[in-house]
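Chemist: Below is a structure I'd like to ask you about.
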Amino acid sequence: MTLRGRLTAAFLAVAFGPILFGAVFVASTVTAVDRSRATERLAVAAAAARTSIDALCQQLRAAADAVALTTDHRSAATQVVGRGLAAAVQVTDVTGQIVVSTPNAPPAPWRDCGDHVRPAGPVAALAVRVELHDVSGAALGTVTAAQPVDPMLVARLAAVTGVAVTLLDGAAPTLTVAHSTESDGGAEAVLAAASALHEEGVTSTPDGRYLRRVGPTPGQPLPLVLSVPSDQPAGLYPVLIAVVLLAALLGVAVAWRLARVTTRPLVELAGAVDRVAAGDLTARVPVRSGDEIGRLAEAFNRMTRETGGYLAALASSRDQLRGHLAVLGDTLASTHDLQRILRVILHSALAATGARAGAVLLTEPGGMLVAQCTEGLDEYWAGTGTPPVPLGSSVVGAVAATGQPCRGRMEAAAPGEPRCGTYIAVPFAAPEAGRTADSRSGEEGAASARPLGVLALYDRLGGEEFDDDDLATLQTFAGHVAVAVDNVRVHEEAQRLSLTDPLTGLWNYRYLRESLRREVERANRFGRMVSVLVLDLDRFKKINDTYGHAAGDTVLAEFARRVRGEIREVDLAFRQGGEEFVVLLPETDARGATIVAERLGAATRNTPVTVLGHSGVQESIRFTVSIGIAVYPDHAETGLRVLEAADEALYAAKAAGRDTWRVAQDTSRITDPVDGGTGVRPAHAAPPTREMSVSAVTSSPVDGLPRAGPVDATGVCAERDESA
């Protein structure tokens, strides 16, 4: 496709795309709003229909009860019918024989108000049956009050709900319309749509009506269909289609004219560029206007005039750049932002050698070279992205494996290499590795040291191959990369050591405060929970006094290992100090925290630790842990207060006899029914949190999950038998 065609297509895409998108958006929005309004109306109408039918059933029940409470059933039935409480009343004996019946009773079948199974046939009347007993409680029969289900009832429901109401008859798939306030054609469309609707959802008919099935449910035994007409404007889609087509025609005409005017000076500029590429720096482009293209022509003419001078100064600029590399190296070595360092070094290397593209690849665990910084490789790479390169594979892999620099021409694109004409690649190693190798076997030892990575450049400007000067320049840059990478890794290791406990390998108290603040902020932002567990080894001082501090350190390290084995990857474990530890459980409520607490308690008490005692003899130590649990936001509004609440719960666990856990007290309750409000909870009873009731025990059931005990009137779990 020519430039003119591409410009025309681009203009049409830019101009016509938003119009088409807007038309689709308007149509979909109008449809969505119309459906949403209809759904809301149908929901309100469904609630009104249920309420009306339920009220009718309650009226029938009251009428049947009134007849059942009297001894003169016939007179009472006549009065009930006369007052309009029911259309008919029947009294049957225990054998089912009708002993009293009011005249003009509706025909069978009568549908009981409590029946919520879809009827298989027509429904002639709604009925409520009440058992009839004598003074001794013996069954005498039943009293049934009925109200006919006729068009008048359906019309009253339509008036109450404000929508069209249709009463269905029969069972799927042979549904029919018993009564309806729809027109004849509308009732058929509603019936067809309702036949495919099994739940109380909302669907639409081809003529633009929305409908919803209601019932049968307890208290509303009638299978009804409610429908409302669509409020969508008529003729919306034809108008939108006409607007889009008219806009498309205008866009084509305007785009063709603009593309023709724009491409003429560009064709002239392309011809001049071809002459410059062939070596003719005297080529010039006529300046026809003062717009952007005219300024581009002036810039091109100025560029061709200055290019000759730039080519003469390029060689001297390269030598001058080498002289500044030492200062650049000192600056880069003092920075710990590795990506920024690599970008600066790579950009400087490209400028110094005149390469079009380049990459810095670092050696990762597993023997793979991964590109950490690239420039200009988007149009060179064979495929998408910069794939990892195995050591020994392709040019850069071989350079990393052998430690020898390499340069030359790329005859064919190899796996892991970009499509290029020429290349140059040099390895770089950590300064310590290089010095150690030199002290052992000189330059051969340095070459055999495993490098940190490879610095590679591709396609030198002008089409020339990279020479020895470029190789020396790139080796200097590679040395700076090695120093920078080594400094960054040393800095990261120092940072890690400053945030971890050296004995247990867990995070330390400094990182605990930062992590607690971060997790509480995340939980507050997304409306989640964070559970905090404070753990303290029981009678740890006795272990130190009996077996020595070395044995105590062994117990602490083993306990930390067991904690890591019982929590998820997203959970965080910290050593707060001494024998006290903290575990953060993001997105975990009190029940989940108690499950983790039970697992930690079982992992601690069930397996002893073998240590070397004072006498040098290995001894087996059994130890237990007490745990306090608090949940944000149930027990406190800040991270530090949640930690304090968990610490207070820990003291409660200690006071309860150790080797157990406690949930922080819910401050919304003043007294505790478990112990009569004394403030001291019996062993193995955990205060509830608002989201659940949890009973605290020192051992789990067979399935490993804690069970909630019986809950009294205040919502507090009753104490579980301690023998469990």
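Letters A, B, ... mark the chains of the structure tokens in the order given; residue numbers begin at 1 per chain; ligand numbers begin at 1, in order shown.
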Using backbone DSSP assignments, extract all helix (DSSP H, G or I) residues from stretch 419-662 of chain A; output them as an MDAnalysis selection string.
Modeler: chainID A and resid 431:448 468:499 509:526 540:547 549:566 590:605 639:655
Chemist: Could you name the residues that touch A:Asp459 at 12 Å or less, counting only C-alpha atoms, but leaving out those on the same chain fewer than 5 positions away, as a list in words?
Modeler: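 Near A:Asp459, the qualifying residues are Leu350, Thr353, Gly354, Ala355, Arg356, Ala357, Gly358, Gly376, Leu377, Tyr380, Arg407, Gly408, Arg409, Met410, Pro418, Arg419, Cys420, Gly421, Thr422, Tyr423, Ile424, Ala425, Glu464, Glu465 and Phe466 of chain A.
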Chemist: For a test of reading the model, state the distance in Å between atom CA of A:Ala349 and atom CA of A:Thr374, rounded to one decimal.
Modeler: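 Atom CA of A:Thr374 lies at a distance of 11.9 Å from atom CA of A:Ala349.
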Chemist: Would you please work out which residue, of A:Val33, A:Asp634, A:Pro107, A:Pro148, is nearest to A:Gly527 when using only C-alpha atoms?
Modeler: A:Asp634
Chemist: Figure out the distance between atom CA of A:Gly616 and atom CA of A:Glu580, please, to one decimal in Å.
Modeler: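 Atom-to-atom, atom CA of A:Glu580 to atom CA of A:Gly616, that is 27.2 Å.
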Chemist: Have a look at A:Thr217, A:Leu612, A:Thr504, A:Leu175 and name the one nearest to A:Glu188; count only C-alpha atoms.
Modeler: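 Under the stated criterion, the closest residue is A:Leu175.
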Chemist: Write out as a ChimeraX atom specification each polymer residue whose atoms come within 9 Å of A:Val396, counting only C-alpha atoms; drop sequence neighbours fewer than 4 positions from it.
Modeler: /A:361,369,389,391-392,400-401,406,416-417,425-427,453-456
Chemist: Pick out the residues sitting within 10 Å of A:Glu566, and hand them over as a list in words; count only C-alpha atoms, and ignore anything fewer than 4 positions along from it in its own chain.
Modeler: Arg561, Arg562, Asp571, Val596, Ala597, Arg599, Leu600 and Ala603 of chain A
Chemist: Just the selected residues (N, CA, C and O atoms), exported as a CSV table (one decimal), in the first residue's frame, please.
Modeler:
```
chain,number,residue,atom,x,y,z
A,561,ARG,N,11.5,-22.8,61.6
A,561,ARG,CA,11.3,-23.7,60.4
A,561,ARG,C,9.9,-24.3,60.4
A,561,ARG,O,9.2,-24.3,59.4
A,562,ARG,N,9.4,-24.7,61.6
A,562,ARG,CA,8.0,-25.2,61.6
A,562,ARG,C,7.0,-24.2,61.3
A,562,ARG,O,5.9,-24.5,60.7
A,571,ASP,N,1.6,-15.4,53.5
A,571,ASP,CA,1.7,-15.1,55.0
A,571,ASP,C,3.2,-14.7,55.3
A,571,ASP,O,4.1,-15.1,54.6
A,596,VAL,N,-4.9,-21.8,61.7
A,596,VAL,CA,-3.5,-21.7,61.7
A,596,VAL,C,-2.9,-21.9,63.1
A,596,VAL,O,-1.9,-22.6,63.3
A,597,ALA,N,-3.5,-21.3,64.1
A,597,ALA,CA,-3.0,-21.4,65.5
A,597,ALA,C,-3.0,-22.8,65.9
A,597,ALA,O,-2.1,-23.3,66.6
A,599,ARG,N,-2.8,-25.5,64.0
A,599,ARG,CA,-1.7,-26.2,63.3
A,599,ARG,C,-0.3,-25.9,63.9
A,599,ARG,O,0.5,-26.8,64.1
A,600,LEU,N,-0.1,-24.6,64.2
A,600,LEU,CA,1.2,-24.3,64.8
A,600,LEU,C,1.3,-24.9,66.2
A,600,LEU,O,2.4,-25.4,66.6
A,603,ALA,N,2.1,-28.6,65.6
A,603,ALA,CA,3.4,-28.8,65.0
A,603,ALA,C,4.5,-28.6,66.1
A,603,ALA,O,5.6,-29.2,66.0
```
Chemist: Within 9 Å of A:Val625, counting only C-alpha atoms, which residues show up once you throw out same-chain ones fewer than 5 positions away? Write them as a CSV table (one decimal) with C-alpha atoms, in the first residue's frame, please.
Modeler:
```
chain,number,residue,atom,x,y,z
A,535,LEU,CA,3.4,-16.5,69.5
A,536,ASP,CA,5.5,-17.1,72.7
A,537,LEU,CA,7.3,-20.3,73.5
A,538,ASP,CA,6.2,-21.6,76.9
A,600,LEU,CA,1.2,-24.3,64.8
A,601,GLY,CA,0.4,-25.6,68.3
A,604,THR,CA,5.1,-27.5,68.2
A,605,ARG,CA,3.9,-30.0,70.8
A,658,ARG,CA,-0.3,-22.2,78.2
A,659,ASP,CA,-0.2,-24.5,75.1
A,660,THR,CA,-3.4,-22.9,73.8
A,661,TRP,CA,-4.6,-19.8,71.9
```
Chemist: For stretch 246-263 of chain A, please output as number ranges by chain all residues within 12 Å (counting only C-alpha atoms; exclusion window: fewer than 6 positions along the same chain).
Modeler: A: 2-20, 23, 239-240, 269-270, 288-289, 291-294
Chemist: Restricting the calculation to only C-alpha atoms, which member of A:Val135, A:Val520, A:Ala159, A:Val149 is positioned closest to A:Ala87?
Modeler: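 Ranking A:Val135, A:Val520, A:Ala159, A:Val149 by distance to A:Ala87, first place goes to A:Val149.
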Chemist: Write out as a list in words which residues come within 8 Å of A:Asp169 when counting only C-alpha atoms, dropping same-chain ones fewer than 6 positions away.
Modeler: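 Listed by chain and then number, they are Pro119, Ala120, Gly121, Pro122, Val123, Leu175, Thr176, Val177, Ala178 and Pro223 of chain A.
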Chemist: Please save all heavy atoms of the selected residues as a compact mmCIF listing (two decimals), in the first residue's frame.
Modeler:
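The result, stored in result.txt:
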```
# COMPACT_ATOMS: atom_id res chain seq x y z
N PRO A 119 -48.37 -26.41 39.29
CA PRO A 119 -49.54 -27.27 39.02
C PRO A 119 -49.46 -27.87 37.62
O PRO A 119 -48.98 -27.25 36.67
CB PRO A 119 -50.72 -26.31 39.15
CG PRO A 119 -50.15 -24.96 38.84
CD PRO A 119 -48.74 -24.98 39.35
N ALA A 120 -49.94 -29.11 37.52
CA ALA A 120 -49.94 -29.78 36.22
C ALA A 120 -51.19 -29.46 35.41
O ALA A 120 -51.27 -29.79 34.23
CB ALA A 120 -49.82 -31.30 36.41
N GLY A 121 -52.17 -28.84 36.02
CA GLY A 121 -53.40 -28.52 35.34
C GLY A 121 -53.89 -27.13 35.70
O GLY A 121 -53.17 -26.35 36.32
N PRO A 122 -55.11 -26.80 35.34
CA PRO A 122 -55.63 -25.46 35.62
C PRO A 122 -55.88 -25.27 37.11
O PRO A 122 -56.06 -26.22 37.87
CB PRO A 122 -56.94 -25.41 34.82
CG PRO A 122 -57.35 -26.85 34.70
CD PRO A 122 -56.09 -27.65 34.60
N VAL A 123 -55.89 -24.02 37.54
CA VAL A 123 -56.18 -23.64 38.93
C VAL A 123 -57.48 -22.85 38.92
O VAL A 123 -57.54 -21.76 38.35
CB VAL A 123 -55.03 -22.81 39.54
CG1 VAL A 123 -55.38 -22.40 40.96
CG2 VAL A 123 -53.74 -23.61 39.51
N LEU A 175 -47.47 -25.42 28.12
CA LEU A 175 -48.07 -24.32 28.86
C LEU A 175 -49.15 -23.65 28.02
O LEU A 175 -49.01 -23.52 26.79
CB LEU A 175 -47.01 -23.30 29.27
CG LEU A 175 -46.01 -23.74 30.34
CD1 LEU A 175 -44.96 -22.66 30.54
CD2 LEU A 175 -46.73 -24.03 31.64
N THR A 176 -50.20 -23.20 28.68
CA THR A 176 -51.25 -22.40 28.03
C THR A 176 -51.55 -21.21 28.92
O THR A 176 -51.11 -21.14 30.07
CB THR A 176 -52.53 -23.23 27.82
OG1 THR A 176 -52.98 -23.70 29.08
CG2 THR A 176 -52.25 -24.42 26.90
N VAL A 177 -52.30 -20.28 28.39
CA VAL A 177 -52.68 -19.08 29.13
C VAL A 177 -54.07 -19.30 29.71
O VAL A 177 -55.04 -19.54 28.97
CB VAL A 177 -52.66 -17.84 28.24
CG1 VAL A 177 -53.18 -16.62 29.00
CG2 VAL A 177 -51.24 -17.58 27.73
N ALA A 178 -54.18 -19.24 31.03
CA ALA A 178 -55.49 -19.37 31.68
C ALA A 178 -56.23 -18.03 31.66
O ALA A 178 -57.37 -17.94 31.20
CB ALA A 178 -55.32 -19.86 33.12
N PRO A 223 -48.76 -19.77 39.20
CA PRO A 223 -47.71 -19.53 38.20
C PRO A 223 -48.07 -18.30 37.36
O PRO A 223 -48.91 -18.37 36.46
CB PRO A 223 -47.70 -20.82 37.38
CG PRO A 223 -49.09 -21.36 37.51
CD PRO A 223 -49.61 -20.95 38.85
```
Chemist: Using backbone DSSP assignments, extract all strand (DSSP E) residues from stretch 162-370 of chain A; output them as a VMD selection string.
Modeler: chain A and resid 164 to 169 176 to 180 202 to 204 209 to 214 224 to 229 355 to 364 368 to 370
